[in-house]
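For reference, the structure discussed in these notes is given below.
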Amino acid sequence: MRINLRLATVSIFVTFIIFSALFSCIALAQDEYTSEKTKTRLPYIHVWFPNEIIPILNLDVYGTYSHANTGSDVWGANIAGSLSPVIKWSERLYLIPLYDGSYQRQKFFVQVEEGPRAYNEIQHHDLSMTAKYLPTDRVTISPYVFGGWDLNVETNDEDWGDGLYDYREFGSGLDFDYLVYNAENGQVLLKNGAKWYIRQYPNYKALISLATTTSPEEDEKDFHAVELSTGWEYLNLRTFSLGVSYSLLMKYFTDKKVIDADGVLKADKRQEYRNTLGMEAFYAPLPERGFQYNCSSGLSYTTSNQNFYDSRGTVILADDVFTRDYFDYISLEVYPRISYIVKSGDKTAAVIGVGYNFLMRNYLNRKAQMASGAYTSDEQSDYEHIFEANLEIPIYENISWAASYDYTIHVSNMDYEQYYEYNYKMHRVLTGISLRY
């Protein structure tokens, strides 16, 4: 009943947004209509129709090859696309329905709460509706609703929809942008946002719920969340931009109880808070030609009231290990990229790019373990290095041939890999066609 109530609430909210958008397009205006014969004034209803529908289509179709030092090689495909028939009602009102989806068959290591897990196939689908309204030349208000589905396949005998970490989510949000400064030499934009959503893992059930019919928790992965964000962005035409942002993500778990030092579940439910400070910069000495420089970075601090109780797989209590605040960590990500645009006259002949992505995650209380499972005195630390290179060559209007290569190194002082893979190396190659319309 709890899930049905949530679904009903979201359905009502989506219906309200859709009908509000429709009725906002019908203006009941009292206008003066003077008949040459009767000279009477008659009211009339004026209906607003869209001024323009702007179709937007992006599609990438790549063949892929992946090789990792664990598991077998994977040949497959990477298909990603987005479609949006943007509806322009007026110069100040746009409705933006959007579908964004992808199917990827290649080697993945997806970071979950406890550690990285290997996947060979993933597909994701998002649907959203955004109303972009400009009440003044400086203010943009954008309410939206969205829903998403993520499906994973871990083994060859697993069917779509049966993945342990499959999830669905839906929610709504509001973005508010204010143009603080606007001149020929640049713009300064203040960006604020608020988002609410719920996420459900239909196939992930707590082990305790499988052992008893009176389980205190069942859907231990499900949560609802609120995310608040703010930031500044400076734009200098097409040559330079700088953005600084801050976000706070608050997650409240539906069923997951907090475990205590004696291994007993408390009445308190799990909560998690993530503070993220981000920065992104772009610089191009010459617009749309020559070298282009990009760099993005993020510093996050995540705290949780959840602990971890390790029974060590035995019935005796003497060897049990309890870790308080097991999921607290600090992470830092830095992603510099350089590209070079080759011109042939006024047309782009090729775009060549290289990049490096560095990610560090240091846990504040979680101890690293040896391969045998024995605990060490050091806190767990994970490091990820991704080296990438790509090439894109236009072959027709809005169509390009693209190829990319990336090499990932993930190292950790966590050597206990019975359930998760903390140390691996991986090569991936992609090549195919990109369509932008």
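Identifiers for the structure tokens are assigned positionally: chains receive A, B, ... in sequence, residues are indexed from 1 per chain, and ligands are indexed from 1 in the order shown.
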From stretch 92-247 of chain A, collect each residue whose DSSP state is helix (DSSP H, G or I) and return the set as a short mmCIF file (atom, residue, chain, number, x, y, z; two decimals) with C-alpha atoms, in the first residue's frame.
data_model
loop_
_atom_site.label_atom_id
_atom_site.label_comp_id
_atom_site.auth_asym_id
_atom_site.auth_seq_id
_atom_site.Cartn_x
_atom_site.Cartn_y
_atom_site.Cartn_z
CA LEU A 207 18.37 -10.99 3.94
CA ILE A 208 16.49 -10.79 7.21
CA SER A 209 13.20 -10.46 5.31
CA LEU A 210 13.89 -13.75 3.53
CA ALA A 211 14.37 -15.59 6.81
#
* Within 7 Å of A:Val342, counting only C-alpha atoms, which residues show up once you throw out same-chain ones fewer than 4 positions away? Write them as a ChimeraX atom specification, please. => /A:289-290,348-351
* Please, which residues of stretch 141-325 of chain A, numbered as in this document, come out strand (DSSP E or B) from DSSP, as number ranges by chain? -> A: 141-153, 167-183, 186-200, 223-236, 240-259, 265-283, 290-304, 308-310, 321-323
* To do: Measuring atom to atom with only C-alpha atoms, identify which of A:Tyr165, A:Tyr407, A:Phe176, A:Tyr252 is nearest to A:Tyr197.
  =>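 Comparing A:Tyr165, A:Tyr407, A:Phe176, A:Tyr252 against A:Tyr197, the winner is A:Tyr252.
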* Give the answer as one residue: which of A:Tyr94, A:Phe358, A:Trp196, A:Tyr309 has the shortest atom-to-atom distance to A:Leu332, using only C-alpha atoms? =>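 So, comparing all the options, the nearest one is A:Phe358.
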* To do: Find the residues near A:Trp160: any atom within 12 Å, counting only C-alpha atoms, skip ones fewer than 2 places away on the same chain, and give them as a PyMOL selection string.
  => chain A and resi 103+121-124+149-158+162-167+203
Output N, CA and C atoms of each residue in that selection to a file, as a compact mmCIF listing (two decimals), in the first residue's frame.
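out_6.txt written:
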# COMPACT_ATOMS: atom_id res chain seq x y z
N TYR A 103 21.63 1.97 -24.12
CA TYR A 103 21.91 0.54 -23.95
C TYR A 103 23.40 0.36 -24.16
N GLU A 121 26.18 -5.58 -19.11
CA GLU A 121 25.10 -4.92 -19.84
C GLU A 121 24.31 -4.01 -18.91
N ILE A 122 24.02 -2.82 -19.41
CA ILE A 122 23.23 -1.84 -18.67
C ILE A 122 22.34 -1.10 -19.65
N GLN A 123 21.11 -0.84 -19.26
CA GLN A 123 20.27 0.07 -20.03
C GLN A 123 19.57 1.01 -19.07
N HIS A 124 19.39 2.25 -19.53
CA HIS A 124 18.77 3.28 -18.70
C HIS A 124 17.81 4.09 -19.56
N TRP A 149 14.33 4.54 -15.25
CA TRP A 149 14.47 3.10 -15.02
C TRP A 149 15.89 2.70 -15.36
N ASP A 150 16.52 1.94 -14.50
CA ASP A 150 17.88 1.46 -14.72
C ASP A 150 17.88 -0.05 -14.56
N LEU A 151 18.33 -0.76 -15.60
CA LEU A 151 18.34 -2.22 -15.61
C LEU A 151 19.78 -2.71 -15.81
N ASN A 152 20.15 -3.73 -15.05
CA ASN A 152 21.51 -4.26 -15.10
C ASN A 152 21.50 -5.77 -15.29
N VAL A 153 22.51 -6.27 -15.99
CA VAL A 153 22.70 -7.71 -16.15
C VAL A 153 24.12 -8.03 -15.68
N GLU A 154 24.22 -8.88 -14.66
CA GLU A 154 25.53 -9.25 -14.11
C GLU A 154 26.05 -10.55 -14.68
N THR A 155 25.16 -11.51 -14.99
CA THR A 155 25.57 -12.82 -15.48
C THR A 155 24.86 -13.13 -16.79
N ASN A 156 25.39 -14.08 -17.54
CA ASN A 156 24.83 -14.42 -18.85
C ASN A 156 23.45 -15.07 -18.74
N ASP A 157 23.17 -15.74 -17.62
CA ASP A 157 21.88 -16.41 -17.48
C ASP A 157 20.84 -15.53 -16.78
N GLU A 158 21.15 -14.26 -16.58
CA GLU A 158 20.22 -13.34 -15.92
C GLU A 158 19.40 -12.61 -16.97
N ASP A 162 15.64 -8.65 -13.81
CA ASP A 162 15.92 -9.48 -12.65
C ASP A 162 17.19 -9.04 -11.91
N GLY A 163 17.80 -7.95 -12.34
CA GLY A 163 19.05 -7.53 -11.73
C GLY A 163 18.88 -7.11 -10.28
N LEU A 164 19.86 -7.48 -9.47
CA LEU A 164 19.80 -7.17 -8.05
C LEU A 164 19.75 -5.67 -7.80
N TYR A 165 20.48 -4.89 -8.61
CA TYR A 165 20.56 -3.45 -8.40
C TYR A 165 19.71 -2.67 -9.40
N ASP A 166 18.75 -3.31 -10.07
CA ASP A 166 17.79 -2.58 -10.89
C ASP A 166 17.04 -1.58 -10.02
N TYR A 167 16.77 -0.40 -10.57
CA TYR A 167 15.98 0.56 -9.79
C TYR A 167 15.10 1.39 -10.70
N ASN A 203 14.11 -5.61 -6.78
CA ASN A 203 14.65 -6.97 -6.63
C ASN A 203 15.59 -7.12 -5.43
* To do: Using atom CA of A:Ser241 and atom CA of A:Ser128 as the two end points, give the distance in Å to one decimal.
  => 27.7 Å
